[in-house]
Amino acid sequence: MSLYDQLGGEPGVSAVADDFYHRISTDALLGAWFVDANGADIRLHLRAYLAVALGGPEEYSGRSLRRAHHGLRITGEAWNRMLVLLAESFRSAGVDDRLNAEVVANIGTLRAVVVEVR
Ligand code: HEM
C-alpha cells in the first residue's frame with residue numbers, strides 16, 4: 001500500500017500538505033520566505049506535488065521545483081529545518097517512524113534542486 005493510501009488518499013494527503021504549509025509559513029526561520037508568497041496557490045501546488053510523491057494518481061502540472069524556487073536563495077539551514085517540519089507533519093498524521101524516515105529521505109533528494117545558498 002502506498003503512503004498515499006495509508007494517509008487516506010486525497011483528503012488525508014491534502015491535510016498533511018496544509019499542516020506542513022502551516023508549519024513552514026509560521027516558522028521563525030522559514031516564515032520569512034512566505035511573507036509575500038501567495039499561500040493559497042502554493043498550498044494547492046504542494047498538495048498535488050506531495051500526492052504524486054507519495055504514490056497517488058494525481059498529476060502535478062505546476063512549475064518544476066527548480067523553477068519555482070529559483071532565485072529564492074534558500075539556504076541549507078532552511079532546508080534542514082524544512083525536513084524536520086515535514087517529519088513532524090507526517091508524525092502528527094500517524095505515520096510510523098520507519099516510513100516517515102523513508103519519505104523524508106526521499107524528499108531530501110530534492111535538496112540540490114531547491115537550495116541555492118550553502
Ligand atoms: C526550505 C525549503 C523551502 C522553502 C523555503 C520554499 C519556499 C517556497 C516559496 C517562497 C514558494 C513560492 C514561490 C513563488 O510563488 O514564486 C514555493 C513554491 C512551491 N514550493 Fe517550496 N520551498 C521549500 C521546499 C519545498 C519542497 C521540499 C517542496 C516539495 C515537496 C516544495 C514545493 C513547492 C511547490 C509545489 C511550490 C509551488 C510552485 C508553483 O507555484 O508553481 N517546496 N516554495
# chains A, B, ... in the order shown; residues from 1 in each chain; ligands from 1
>>> residues_near_ligand(ligand="ligand 1", cutoff="6 Å", atoms="only C-alpha atoms and all ligand atoms", output="ChimeraX atom specification")
/A:30,33-34,37,41-42,45-46,49-50,62-63,68-69,74,78-79,82
>>> residues_around(residues="Gly9 in chain A", least_positions_apart="2", cutoff="10 Å", atoms="only C-alpha atoms", output="PDB file with N, CA and C atoms, in the first residue's frame")
ATOM      1  N   SER A   2       0.584   2.193  -0.872  1.00  0.00           N
ATOM      2  CA  SER A   2       1.401   3.411  -0.913  1.00  0.00           C
ATOM      3  C   SER A   2       1.106   4.260   0.320  1.00  0.00           C
ATOM      4  N   LEU A   3       2.008   5.157   0.607  1.00  0.00           N
ATOM      5  CA  LEU A   3       1.788   6.056   1.737  1.00  0.00           C
ATOM      6  C   LEU A   3       0.550   6.930   1.463  1.00  0.00           C
ATOM      7  N   TYR A   4       0.353   7.231   0.206  1.00  0.00           N
ATOM      8  CA  TYR A   4      -0.843   7.975  -0.204  1.00  0.00           C
ATOM      9  C   TYR A   4      -2.102   7.277   0.315  1.00  0.00           C
ATOM     10  N   ASP A   5      -2.187   5.968   0.097  1.00  0.00           N
ATOM     11  CA  ASP A   5      -3.361   5.217   0.558  1.00  0.00           C
ATOM     12  C   ASP A   5      -3.412   5.134   2.084  1.00  0.00           C
ATOM     13  N   GLN A   6      -2.238   4.926   2.670  1.00  0.00           N
ATOM     14  CA  GLN A   6      -2.209   4.825   4.135  1.00  0.00           C
ATOM     15  C   GLN A   6      -2.681   6.104   4.810  1.00  0.00           C
ATOM     16  N   LEU A   7      -2.452   7.229   4.145  1.00  0.00           N
ATOM     17  CA  LEU A   7      -2.871   8.504   4.739  1.00  0.00           C
ATOM     18  C   LEU A   7      -4.348   8.795   4.459  1.00  0.00           C
ATOM     19  N   PRO A  11      -7.945  13.299   0.589  1.00  0.00           N
ATOM     20  CA  PRO A  11      -8.207  14.172   1.748  1.00  0.00           C
ATOM     21  C   PRO A  11      -7.098  14.102   2.805  1.00  0.00           C
ATOM     22  N   GLY A  12      -6.569  12.895   3.017  1.00  0.00           N
ATOM     23  CA  GLY A  12      -5.516  12.736   4.022  1.00  0.00           C
ATOM     24  C   GLY A  12      -4.237  13.444   3.616  1.00  0.00           C
ATOM     25  N   VAL A  13      -3.872  13.303   2.344  1.00  0.00           N
ATOM     26  CA  VAL A  13      -2.638  13.926   1.870  1.00  0.00           C
ATOM     27  C   VAL A  13      -2.784  15.453   1.849  1.00  0.00           C
ATOM     28  N   SER A  14      -3.970  15.934   1.463  1.00  0.00           N
ATOM     29  CA  SER A  14      -4.200  17.385   1.468  1.00  0.00           C
ATOM     30  C   SER A  14      -4.073  17.945   2.872  1.00  0.00           C
ATOM     31  N   ALA A  51       1.004  14.577  -3.246  1.00  0.00           N
ATOM     32  CA  ALA A  51       0.170  13.433  -3.633  1.00  0.00           C
ATOM     33  C   ALA A  51       0.924  12.539  -4.612  1.00  0.00           C
ATOM     34  N   LEU A  54       3.931  10.748  -3.005  1.00  0.00           N
ATOM     35  CA  LEU A  54       3.571   9.684  -2.065  1.00  0.00           C
ATOM     36  C   LEU A  54       2.864   8.518  -2.747  1.00  0.00           C
ATOM     37  N   GLY A  55       2.780   8.572  -4.072  1.00  0.00           N
ATOM     38  CA  GLY A  55       2.244   7.416  -4.800  1.00  0.00           C
ATOM     39  C   GLY A  55       0.797   7.541  -5.225  1.00  0.00           C
ATOM     40  N   GLY A  56       0.247   8.735  -5.203  1.00  0.00           N
ATOM     41  CA  GLY A  56      -1.152   8.924  -5.607  1.00  0.00           C
ATOM     42  C   GLY A  56      -1.310   9.044  -7.108  1.00  0.00           C
ATOM     43  N   PRO A  57      -2.554   9.001  -7.585  1.00  0.00           N
ATOM     44  CA  PRO A  57      -2.819   9.022  -9.020  1.00  0.00           C
ATOM     45  C   PRO A  57      -2.883  10.436  -9.622  1.00  0.00           C
TER      46      PRO A  57
END
>>> residues_around(residues="Val114 in chain A", least_positions_apart="4", cutoff="12 Å", atoms="only C-alpha atoms", output="PyMOL selection string")
chain A and resi 64-76+78-80+82+107-110+118
>>> closest_atom_pairs(of="range 20-59 of chain A", to="range 85-97 of chain A", cutoff="7 Å", atoms="only C-alpha atoms", output="tab-separated table")
residue	atom	partner	partner_atom	distance
A:Phe20	CA	A:Ser89	CA	5.6
A:Arg23	CA	A:Leu85	CA	6.5
A:Ile24	CA	A:Leu85	CA	6.9
>>> write_last_selection(atoms="N, CA, C and O atoms", output="JSON list (two decimals), in the first residue's frame")
[["chain", "number", "residue", "atom", "x", "y", "z"],
["A", 20, "PHE", "N", 1.71, 20.95, 6.85],
["A", 20, "PHE", "CA", 3.12, 21.25, 6.56],
["A", 20, "PHE", "C", 3.25, 22.72, 6.16],
["A", 20, "PHE", "O", 4.14, 23.43, 6.64],
["A", 23, "ARG", "N", 3.07, 24.86, 9.16],
["A", 23, "ARG", "CA", 4.30, 24.81, 9.98],
["A", 23, "ARG", "C", 5.42, 25.65, 9.37],
["A", 23, "ARG", "O", 6.10, 26.39, 10.08],
["A", 24, "ILE", "N", 5.63, 25.52, 8.05],
["A", 24, "ILE", "CA", 6.77, 26.26, 7.49],
["A", 24, "ILE", "C", 6.48, 27.75, 7.39],
["A", 24, "ILE", "O", 7.35, 28.56, 7.63]]
>>> select_by_dssp(residues="chain A", states="alpha helix (DSSP H)", output="MDAnalysis selection string")
chainID A and resid 3:6 9:25 39:53 65:69 76:92 97:108 111:114
>>> atom_distance(atom1="CA of Val103 in chain A", atom2="CA of Asp36 in chain A")
28.8 Å
>>> atom_distance(atom1="CA of Tyr60 in chain A", atom2="CA of Val16 in chain A")
16.7 Å
>>> atom_distance(atom1="CA of Ala17 in chain A", atom2="CA of Glu102 in chain A")
17.1 Å
>>> closest_residue(among="A:Arg81, A:Ala48, A:Ala53, A:Glu10", to="Asn106 in chain A", atoms="only C-alpha atoms")
A:Ala53
